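K.L.:
What follows is protein_17.pdb; its format and atoms are PDB, C-alpha atoms.
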ATOM      1  CA  MET S   1     -16.387   9.268  -9.609  1.00  0.00           C
ATOM      2  CA  THR S   2     -12.690  10.139  -9.657  1.00  0.00           C
ATOM      3  CA  LEU S   3     -10.557   7.951 -11.952  1.00  0.00           C
ATOM      4  CA  SER S   4      -6.785   7.568 -11.803  1.00  0.00           C
ATOM      5  CA  PRO S   5      -4.802   7.879 -15.065  1.00  0.00           C
ATOM      6  CA  SER S   6      -4.723   4.057 -15.179  1.00  0.00           C
ATOM      7  CA  GLY S   7      -8.527   3.891 -14.910  1.00  0.00           C
ATOM      8  CA  PHE S   8      -9.132   2.917 -11.277  1.00  0.00           C
ATOM      9  CA  ASP S   9     -11.912   4.497  -9.242  1.00  0.00           C
ATOM     10  CA  LEU S  10     -10.322   6.587  -6.471  1.00  0.00           C
ATOM     11  CA  THR S  11     -13.603   7.701  -4.908  1.00  0.00           C
ATOM     12  CA  PRO S  12     -13.253   7.219  -1.142  1.00  0.00           C
ATOM     13  CA  PRO S  13     -15.434   4.578   0.507  1.00  0.00           C
ATOM     14  CA  THR S  14     -18.726   5.748   1.988  1.00  0.00           C
ATOM     15  CA  GLU S  15     -19.031   5.699   5.772  1.00  0.00           C
ATOM     16  CA  SER S  16     -20.903   2.372   5.701  1.00  0.00           C
ATOM     17  CA  GLN S  17     -18.312   0.885   3.317  1.00  0.00           C
ATOM     18  CA  ARG S  18     -15.504   2.102   5.591  1.00  0.00           C
ATOM     19  CA  VAL S  19     -17.138   0.451   8.624  1.00  0.00           C
ATOM     20  CA  ALA S  20     -17.376  -2.838   6.687  1.00  0.00           C
ATOM     21  CA  LEU S  21     -13.754  -2.599   5.454  1.00  0.00           C
ATOM     22  CA  GLU S  22     -12.453  -1.886   8.963  1.00  0.00           C
ATOM     23  CA  ALA S  23     -14.493  -4.752  10.458  1.00  0.00           C
ATOM     24  CA  ASP S  24     -12.637  -7.165   8.153  1.00  0.00           C
ATOM     25  CA  LEU S  25      -9.183  -6.207   9.500  1.00  0.00           C
ATOM     26  CA  SER S  26      -7.155  -8.156  12.060  1.00  0.00           C
ATOM     27  CA  ALA S  27      -5.873  -6.351  15.161  1.00  0.00           C
ATOM     28  CA  GLU S  28      -2.393  -5.940  13.600  1.00  0.00           C
ATOM     29  CA  GLU S  29      -3.840  -4.694  10.304  1.00  0.00           C
ATOM     30  CA  ARG S  30      -5.940  -2.145  12.226  1.00  0.00           C
ATOM     31  CA  ARG S  31      -2.857  -0.984  14.180  1.00  0.00           C
ATOM     32  CA  VAL S  32      -0.856  -0.401  10.995  1.00  0.00           C
ATOM     33  CA  LEU S  33      -3.514   0.734   8.504  1.00  0.00           C
ATOM     34  CA  LEU S  34      -5.671   2.862  10.799  1.00  0.00           C
ATOM     35  CA  ALA S  35      -3.333   3.907  13.631  1.00  0.00           C
ATOM     36  CA  HIS S  36      -0.264   4.488  11.389  1.00  0.00           C
ATOM     37  CA  GLY S  37       1.751   1.743  13.071  1.00  0.00           C
ATOM     38  CA  THR S  38       4.727  -0.198  11.769  1.00  0.00           C
ATOM     39  CA  GLU S  39       5.140  -3.963  11.788  1.00  0.00           C
ATOM     40  CA  ALA S  40       8.388  -5.417  13.097  1.00  0.00           C
ATOM     41  CA  PRO S  41      11.136  -5.724  10.467  1.00  0.00           C
ATOM     42  CA  PHE S  42      11.862  -9.076   8.798  1.00  0.00           C
ATOM     43  CA  CYS S  43       8.566 -10.641   9.892  1.00  0.00           C
ATOM     44  CA  GLY S  44       6.126  -9.587   7.166  1.00  0.00           C
ATOM     45  CA  VAL S  45       4.671 -12.409   5.094  1.00  0.00           C
ATOM     46  CA  LEU S  46       5.222 -10.513   1.811  1.00  0.00           C
ATOM     47  CA  LEU S  47       8.900  -9.739   2.361  1.00  0.00           C
ATOM     48  CA  GLY S  48      10.025 -12.781   0.322  1.00  0.00           C
ATOM     49  CA  GLU S  49       7.197 -12.696  -2.249  1.00  0.00           C
ATOM     50  CA  LYS S  50       8.794 -12.876  -5.708  1.00  0.00           C
ATOM     51  CA  ARG S  51       6.019 -14.089  -8.038  1.00  0.00           C
ATOM     52  CA  PRO S  52       4.688 -11.829 -10.827  1.00  0.00           C
ATOM     53  CA  GLY S  53       1.599  -9.937  -9.748  1.00  0.00           C
ATOM     54  CA  VAL S  54       0.319  -6.865  -7.950  1.00  0.00           C
ATOM     55  CA  PHE S  55       0.412  -5.705  -4.348  1.00  0.00           C
ATOM     56  CA  SER S  56      -2.933  -4.104  -3.482  1.00  0.00           C
ATOM     57  CA  CYS S  57      -4.144  -2.137  -0.485  1.00  0.00           C
ATOM     58  CA  ARG S  58      -5.256  -4.624   2.176  1.00  0.00           C
ATOM     59  CA  MET S  59      -8.172  -2.430   3.154  1.00  0.00           C
ATOM     60  CA  CYS S  60      -9.791  -1.315  -0.148  1.00  0.00           C
ATOM     61  CA  GLY S  61      -8.057  -3.411  -2.823  1.00  0.00           C
ATOM     62  CA  LEU S  62      -6.590  -0.552  -4.882  1.00  0.00           C
ATOM     63  CA  PRO S  63      -3.474  -1.809  -6.743  1.00  0.00           C
ATOM     64  CA  LEU S  64      -0.459   0.017  -5.320  1.00  0.00           C
ATOM     65  CA  PHE S  65       2.733  -1.711  -6.536  1.00  0.00           C
ATOM     66  CA  ARG S  66       3.694  -4.173  -9.282  1.00  0.00           C
ATOM     67  CA  ALA S  67       5.920  -7.104  -8.370  1.00  0.00           C
ATOM     68  CA  GLY S  68       8.426  -6.009 -11.030  1.00  0.00           C
ATOM     69  CA  THR S  69       9.195  -2.852  -9.019  1.00  0.00           C
ATOM     70  CA  LYS S  70       9.917  -4.766  -5.782  1.00  0.00           C
ATOM     71  CA  PHE S  71      13.548  -5.038  -4.695  1.00  0.00           C
ATOM     72  CA  GLU S  72      15.559  -6.313  -1.737  1.00  0.00           C
ATOM     73  CA  SER S  73      16.453  -3.250   0.320  1.00  0.00           C
ATOM     74  CA  GLY S  74      17.814  -5.095   3.363  1.00  0.00           C
ATOM     75  CA  THR S  75      15.556  -3.025   5.623  1.00  0.00           C
ATOM     76  CA  GLY S  76      13.171  -5.831   6.607  1.00  0.00           C
ATOM     77  CA  TRP S  77      10.092  -4.481   4.822  1.00  0.00           C
ATOM     78  CA  PRO S  78       8.894  -4.983   1.242  1.00  0.00           C
ATOM     79  CA  SER S  79      10.411  -2.198  -0.854  1.00  0.00           C
ATOM     80  CA  PHE S  80       9.352  -0.870  -4.258  1.00  0.00           C
ATOM     81  CA  THR S  81      10.773   1.720  -6.670  1.00  0.00           C
ATOM     82  CA  GLN S  82       7.434   3.135  -7.841  1.00  0.00           C
ATOM     83  CA  PRO S  83       3.670   2.712  -7.535  1.00  0.00           C
ATOM     84  CA  VAL S  84       1.380   1.165 -10.167  1.00  0.00           C
ATOM     85  CA  ASP S  85       0.089   4.703 -10.725  1.00  0.00           C
ATOM     86  CA  GLU S  86       1.378   7.848  -8.982  1.00  0.00           C
ATOM     87  CA  ALA S  87      -2.260   8.773  -8.257  1.00  0.00           C
ATOM     88  CA  HIS S  88      -2.746   5.582  -6.180  1.00  0.00           C
ATOM     89  CA  VAL S  89      -0.293   6.562  -3.419  1.00  0.00           C
ATOM     90  CA  ARG S  90      -0.663   9.777  -1.465  1.00  0.00           C
ATOM     91  CA  ALA S  91       2.358  11.390   0.212  1.00  0.00           C
ATOM     92  CA  VAL S  92       1.930  13.062   3.614  1.00  0.00           C
ATOM     93  CA  GLU S  93       4.630  14.784   5.651  1.00  0.00           C
ATOM     94  CA  ASP S  94       5.289  12.798   8.840  1.00  0.00           C
ATOM     95  CA  ARG S  95       7.063  14.584  11.709  1.00  0.00           C
ATOM     96  CA  SER S  96       6.667  11.805  14.291  1.00  0.00           C
ATOM     97  CA  TYR S  97       9.598  10.397  16.268  1.00  0.00           C
ATOM     98  CA  GLY S  98      11.588  13.653  15.980  1.00  0.00           C
ATOM     99  CA  MET S  99      12.294  13.351  12.256  1.00  0.00           C
ATOM    100  CA  VAL S 100      10.763  14.414   8.958  1.00  0.00           C
ATOM    101  CA  ARG S 101       9.662  11.585   6.669  1.00  0.00           C
ATOM    102  CA  VAL S 102       7.152  11.118   3.875  1.00  0.00           C
ATOM    103  CA  GLU S 103       4.325   8.786   4.855  1.00  0.00           C
ATOM    104  CA  THR S 104       2.564   6.881   2.076  1.00  0.00           C
ATOM    105  CA  ARG S 105      -1.179   6.320   2.192  1.00  0.00           C
ATOM    106  CA  CYS S 106      -3.638   4.617  -0.117  1.00  0.00           C
ATOM    107  CA  ALA S 107      -5.179   7.367  -2.236  1.00  0.00           C
ATOM    108  CA  ARG S 108      -8.624   5.741  -2.115  1.00  0.00           C
ATOM    109  CA  CYS S 109      -9.154   4.731   1.535  1.00  0.00           C
ATOM    110  CA  ASP S 110      -6.378   6.836   3.162  1.00  0.00           C
ATOM    111  CA  SER S 111      -4.921   3.832   5.012  1.00  0.00           C
ATOM    112  CA  HIS S 112      -1.302   4.030   6.179  1.00  0.00           C
ATOM    113  CA  GLN S 113       1.017   1.933   4.002  1.00  0.00           C
ATOM    114  CA  GLY S 114       4.534   2.945   5.048  1.00  0.00           C
ATOM    115  CA  HIS S 115       7.052   5.605   4.010  1.00  0.00           C
ATOM    116  CA  VAL S 116       9.016   6.619   0.923  1.00  0.00           C
ATOM    117  CA  PHE S 117      12.703   7.523   1.061  1.00  0.00           C
ATOM    118  CA  PRO S 118      15.075   9.035  -1.555  1.00  0.00           C
ATOM    119  CA  ASP S 119      17.651   6.208  -1.265  1.00  0.00           C
ATOM    120  CA  GLY S 120      16.297   3.614  -3.702  1.00  0.00           C
ATOM    121  CA  PRO S 121      17.834   2.160  -6.851  1.00  0.00           C
ATOM    122  CA  PRO S 122      17.369   3.374 -10.437  1.00  0.00           C
ATOM    123  CA  PRO S 123      15.263   4.192 -12.296  1.00  0.00           C
ATOM    124  CA  THR S 124      13.466   6.336  -9.674  1.00  0.00           C
ATOM    125  CA  GLY S 125      15.956   6.561  -6.809  1.00  0.00           C
ATOM    126  CA  LEU S 126      12.997   6.025  -4.467  1.00  0.00           C
ATOM    127  CA  ARG S 127      12.382   3.330  -1.857  1.00  0.00           C
ATOM    128  CA  TYR S 128       8.732   2.816  -0.963  1.00  0.00           C
ATOM    129  CA  CYS S 129       9.124   0.944   2.334  1.00  0.00           C
ATOM    130  CA  ILE S 130       5.734  -0.708   2.915  1.00  0.00           C
ATOM    131  CA  ASN S 131       4.279  -2.827   5.721  1.00  0.00           C
ATOM    132  CA  SER S 132       3.334  -6.361   4.601  1.00  0.00           C
ATOM    133  CA  VAL S 133       0.093  -6.231   6.605  1.00  0.00           C
ATOM    134  CA  ALA S 134      -0.927  -3.112   4.649  1.00  0.00           C
ATOM    135  CA  LEU S 135      -0.840  -5.098   1.398  1.00  0.00           C
ATOM    136  CA  GLN S 136      -2.335  -8.170  -0.183  1.00  0.00           C
ATOM    137  CA  PHE S 137      -0.578  -9.950  -3.025  1.00  0.00           C
ATOM    138  CA  VAL S 138      -2.534 -10.892  -6.156  1.00  0.00           C
ATOM    139  CA  PRO S 139      -0.723 -13.281  -8.521  1.00  0.00           C
ATOM    140  CA  GLU S 140      -0.587 -12.232 -12.172  1.00  0.00           C
ATOM    141  CA  GLY S 141      -3.737 -13.202 -14.071  1.00  0.00           C
ATOM    142  CA  GLU S 142      -6.001 -13.319 -10.999  1.00  0.00           C
ATOM    143  CA  ARG S 143      -8.787 -10.842 -10.222  1.00  0.00           C
ATOM    144  CA  LEU S 144      -7.890  -7.918  -8.013  1.00  0.00           C
ATOM    145  CA  PRO S 145      -9.680  -7.757  -4.660  1.00  0.00           C
ATOM    146  CA  ASP S 146     -12.889  -5.768  -4.980  1.00  0.00           C
ATOM    147  CA  PRO S 147     -14.321  -5.175  -1.495  1.00  0.00           C
ATOM    148  CA  LEU S 148     -16.042  -1.983  -2.694  1.00  0.00           C
ATOM    149  CA  GLY S 149     -17.738  -3.686  -5.658  1.00  0.00           C
ATOM    150  CA  ARG S 150     -16.140  -1.446  -8.283  1.00  0.00           C
ATOM    151  CA  GLY S 151     -15.014  -4.134 -10.721  1.00  0.00           C
ATOM    152  CA  ASP S 152     -11.527  -2.700 -11.204  1.00  0.00           C
ATOM    153  CA  GLY S 153     -10.003  -5.704 -13.008  1.00  0.00           C
ATOM    154  CA  MET S 154      -7.125  -8.145 -13.160  1.00  0.00           C
ATOM    155  CA  ALA S 155      -3.586  -8.203 -11.765  1.00  0.00           C
TER     156      ALA S 155
END
What would the structure in this file look like if it were written as structure tokens?
P.N.:
Amino acid sequence: MTLSPSGFDLTPPTESQRVALEADLSAEERRVLLAHGTEAPFCGVLLGEKRPGVFSCRMCGLPLFRAGTKFESGTGWPSFTQPVDEAHVRAVEDRSYGMVRVETRCARCDSHQGHVFPDGPPPTGLRYCINSVALQFVPEGERLPDPLGRGDGMA
């Protein structure tokens, strides 16, 4: 078992768990999470979400961003200044579309989440630009999704 500094199990899903997780995705979620797609701007259901809570990976449930780090970037996608835990988001160089960007992936299931850019507000100066369909919102005080049966806790 590999634990993040905040105590979450980062062990990747087994092959049978991965098959079950992928079977639970909609066509759009599969396109974004598995095929590294991007949803259209200004249409994501989490763009206007402002309640206290946590945004978790839609595929495996790992908490990725706290609501308190979300900000209005004007880009059309939910934007955050920092992850719940740096170990929960993996950065991968992305050279698609003739440019160099930093893709963000869930550190546990390796699903595509979005990209991070160095043009965000203080305190980090970063803008994690994330697809709504890659996330699920968990209101503060509710149990985090636990599709892998790891009992990781509350939002």
K.L.:
Extract, using all atoms listed in the file, all DNA, RNA and protein residues at most 7 Å from Phe137 (chain S), discarding same-chain residues fewer than 5 positions from it, and format them as a short mmCIF file (atom, residue, chain, number, x, y, z; two decimals) with C-alpha atoms, in the frame of the given file.
P.N.:
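That gives us selection_35.cif:
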data_model
loop_
_atom_site.label_atom_id
_atom_site.label_comp_id
_atom_site.auth_asym_id
_atom_site.auth_seq_id
_atom_site.Cartn_x
_atom_site.Cartn_y
_atom_site.Cartn_z
CA VAL S 54 0.32 -6.86 -7.95
CA PHE S 55 0.41 -5.70 -4.35
CA SER S 56 -2.93 -4.10 -3.48
#
K.L.:
Selected by the PyMOL selection byres ((chain S and resi 113-127) around 9) in the shown coordinates: which residues, as a PyMOL selection string?
P.N.:
chain S and resi 32-33+36-38+57+71+73+79-82+89+91+94+101-106+110-112+128-135
K.L.:
Would you mind reading off the distance between CA of Gly141 (chain S) and CA of Gly153 (chain S), one decimal, in Å?
P.N.:
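So the answer is 9.8 Å.
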K.L.:
How many Å lie between CA of Met1 (chain S) and CA of Ser16 (chain S), rounded to one decimal?
P.N.:
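Taking CA of Met1 (chain S) as the start and CA of Ser16 (chain S) as the end point, the length is 17.4 Å.
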K.L.:
Mind giving me the axis-aligned box for region 64-76 of chain S with 8 Å on every side, centre plus edges in Å to one decimal, as AutoDock Vina command-line options?
P.N.:
--center_x 8.7 --center_y -3.5 --center_z -2.2 --size_x 34.3 --size_y 23.1 --size_z 33.6
K.L.:
May I ask for the distance between CA of Glu140 (chain S) and CA of Glu72 (chain S), given in Å to one decimal place?
P.N.:
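So the two atoms, CA of Glu140 (chain S) and CA of Glu72 (chain S), lie 20.1 Å apart.
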K.L.:
Rank nothing, just name the residue among S:Ala67, S:Leu34, S:Met99, S:Cys60 nearest to Leu46 (chain S), using only C-alpha atoms.
P.N.:
S:Ala67
K.L.:
Restricting the calculation to all atoms listed in the file: of S:Thr75, S:Ser6, S:Ser96, S:Gln136, which residue gets closest to Met59 (chain S)?
P.N.:
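For Met59 (chain S), the nearest of the candidates is S:Gln136.
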K.L.:
Please determine, counting only C-alpha atoms, which residue among S:Leu148, S:Glu86, S:Ala155, S:Arg95 has the shortest atom-to-atom distance to Val19 (chain S).
P.N.:
S:Leu148
K.L.:
Name the residues that the PyMOL selection byres ((chain S and resi 52) around 7) picks from the file above, as a PyMOL selection string, using the file's chain letters and numbers.
P.N.:
chain S and resi 50-51+53+67-68+139-140
K.L.:
Once the PyMOL selection byres ((chain S and resi 84) around 6) has been evaluated on this model, what residues remain selected, and can you format them as a list of chain:residue names?
P.N.:
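So the PyMOL selection byres ((chain S and resi 84) around 6) ends up selecting S:Leu64, S:Phe65, S:Arg66, S:Pro83, S:Asp85.
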K.L.:
With distances taken over all atoms listed in the file, which residue among S:Glu142, S:Ala87, S:Gly151, S:Arg108 lies nearest Pro5 (chain S)?
P.N.:
S:Ala87
K.L.:
For Leu144 (chain S), which residue out of S:Pro41, S:Gly61, S:Gly7, S:Pro78 is the nearest one, using only C-alpha atoms?
P.N.:
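Going through S:Pro41, S:Gly61, S:Gly7, S:Pro78 one by one, the smallest distance to Leu144 (chain S) is for S:Gly61.
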K.L.:
How about completing region 80-95 of chain S with N, CA, C and O atoms and giving it to me as a PDB file, in the frame of the given file?
P.N.:
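Listing of part.pdb after writing:
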ATOM      1  N   PHE S  80       9.719  -1.043  -2.854  1.00  0.00           N
ATOM      2  CA  PHE S  80       9.352  -0.870  -4.258  1.00  0.00           C
ATOM      3  C   PHE S  80       9.942   0.435  -4.764  1.00  0.00           C
ATOM      4  O   PHE S  80      10.128   1.385  -4.004  1.00  0.00           O
ATOM      5  N   THR S  81      10.207   0.502  -6.086  1.00  0.00           N
ATOM      6  CA  THR S  81      10.773   1.720  -6.670  1.00  0.00           C
ATOM      7  C   THR S  81       9.706   2.711  -7.114  1.00  0.00           C
ATOM      8  O   THR S  81       9.992   3.898  -7.228  1.00  0.00           O
ATOM      9  N   GLN S  82       8.483   2.225  -7.383  1.00  0.00           N
ATOM     10  CA  GLN S  82       7.434   3.135  -7.841  1.00  0.00           C
ATOM     11  C   GLN S  82       6.067   2.468  -7.722  1.00  0.00           C
ATOM     12  O   GLN S  82       5.970   1.248  -7.768  1.00  0.00           O
ATOM     13  N   PRO S  83       5.018   3.269  -7.595  1.00  0.00           N
ATOM     14  CA  PRO S  83       3.670   2.712  -7.535  1.00  0.00           C
ATOM     15  C   PRO S  83       3.143   2.318  -8.919  1.00  0.00           C
ATOM     16  O   PRO S  83       3.695   2.733  -9.947  1.00  0.00           O
ATOM     17  N   VAL S  84       2.085   1.526  -8.934  1.00  0.00           N
ATOM     18  CA  VAL S  84       1.380   1.165 -10.167  1.00  0.00           C
ATOM     19  C   VAL S  84       1.008   2.437 -10.920  1.00  0.00           C
ATOM     20  O   VAL S  84       1.145   2.525 -12.126  1.00  0.00           O
ATOM     21  N   ASP S  85       0.537   3.418 -10.183  1.00  0.00           N
ATOM     22  CA  ASP S  85       0.089   4.703 -10.725  1.00  0.00           C
ATOM     23  C   ASP S  85       0.375   5.728  -9.632  1.00  0.00           C
ATOM     24  O   ASP S  85       0.020   5.511  -8.471  1.00  0.00           O
ATOM     25  N   GLU S  86       1.044   6.817  -9.980  1.00  0.00           N
ATOM     26  CA  GLU S  86       1.378   7.848  -8.982  1.00  0.00           C
ATOM     27  C   GLU S  86       0.137   8.320  -8.222  1.00  0.00           C
ATOM     28  O   GLU S  86       0.214   8.682  -7.049  1.00  0.00           O
ATOM     29  N   ALA S  87      -1.020   8.305  -8.881  1.00  0.00           N
ATOM     30  CA  ALA S  87      -2.260   8.773  -8.257  1.00  0.00           C
ATOM     31  C   ALA S  87      -2.796   7.802  -7.209  1.00  0.00           C
ATOM     32  O   ALA S  87      -3.684   8.151  -6.439  1.00  0.00           O
ATOM     33  N   HIS S  88      -2.248   6.585  -7.130  1.00  0.00           N
ATOM     34  CA  HIS S  88      -2.746   5.582  -6.180  1.00  0.00           C
ATOM     35  C   HIS S  88      -2.112   5.704  -4.803  1.00  0.00           C
ATOM     36  O   HIS S  88      -2.617   5.112  -3.847  1.00  0.00           O
ATOM     37  N   VAL S  89      -0.999   6.424  -4.702  1.00  0.00           N
ATOM     38  CA  VAL S  89      -0.293   6.562  -3.419  1.00  0.00           C
ATOM     39  C   VAL S  89      -0.188   8.045  -3.081  1.00  0.00           C
ATOM     40  O   VAL S  89       0.329   8.832  -3.865  1.00  0.00           O
ATOM     41  N   ARG S  90      -0.685   8.383  -1.917  1.00  0.00           N
ATOM     42  CA  ARG S  90      -0.663   9.777  -1.465  1.00  0.00           C
ATOM     43  C   ARG S  90       0.492   9.972  -0.493  1.00  0.00           C
ATOM     44  O   ARG S  90       0.717   9.147   0.389  1.00  0.00           O
ATOM     45  N   ALA S  91       1.225  11.060  -0.660  1.00  0.00           N
ATOM     46  CA  ALA S  91       2.358  11.390   0.212  1.00  0.00           C
ATOM     47  C   ALA S  91       1.921  12.425   1.247  1.00  0.00           C
ATOM     48  O   ALA S  91       1.285  13.422   0.901  1.00  0.00           O
ATOM     49  N   VAL S  92       2.283  12.170   2.511  1.00  0.00           N
ATOM     50  CA  VAL S  92       1.930  13.062   3.614  1.00  0.00           C
ATOM     51  C   VAL S  92       3.172  13.271   4.476  1.00  0.00           C
ATOM     52  O   VAL S  92       3.841  12.303   4.844  1.00  0.00           O
ATOM     53  N   GLU S  93       3.482  14.518   4.783  1.00  0.00           N
ATOM     54  CA  GLU S  93       4.630  14.784   5.651  1.00  0.00           C
ATOM     55  C   GLU S  93       4.384  14.189   7.033  1.00  0.00           C
ATOM     56  O   GLU S  93       3.323  14.361   7.619  1.00  0.00           O
ATOM     57  N   ASP S  94       5.373  13.475   7.540  1.00  0.00           N
ATOM     58  CA  ASP S  94       5.289  12.798   8.840  1.00  0.00           C
ATOM     59  C   ASP S  94       6.419  13.329   9.720  1.00  0.00           C
ATOM     60  O   ASP S  94       7.585  13.117   9.423  1.00  0.00           O
ATOM     61  N   ARG S  95       6.073  14.020  10.794  1.00  0.00           N
ATOM     62  CA  ARG S  95       7.063  14.584  11.709  1.00  0.00           C
ATOM     63  C   ARG S  95       7.127  13.831  13.037  1.00  0.00           C
ATOM     64  O   ARG S  95       7.622  14.344  14.027  1.00  0.00           O
TER      65      ARG S  95
END
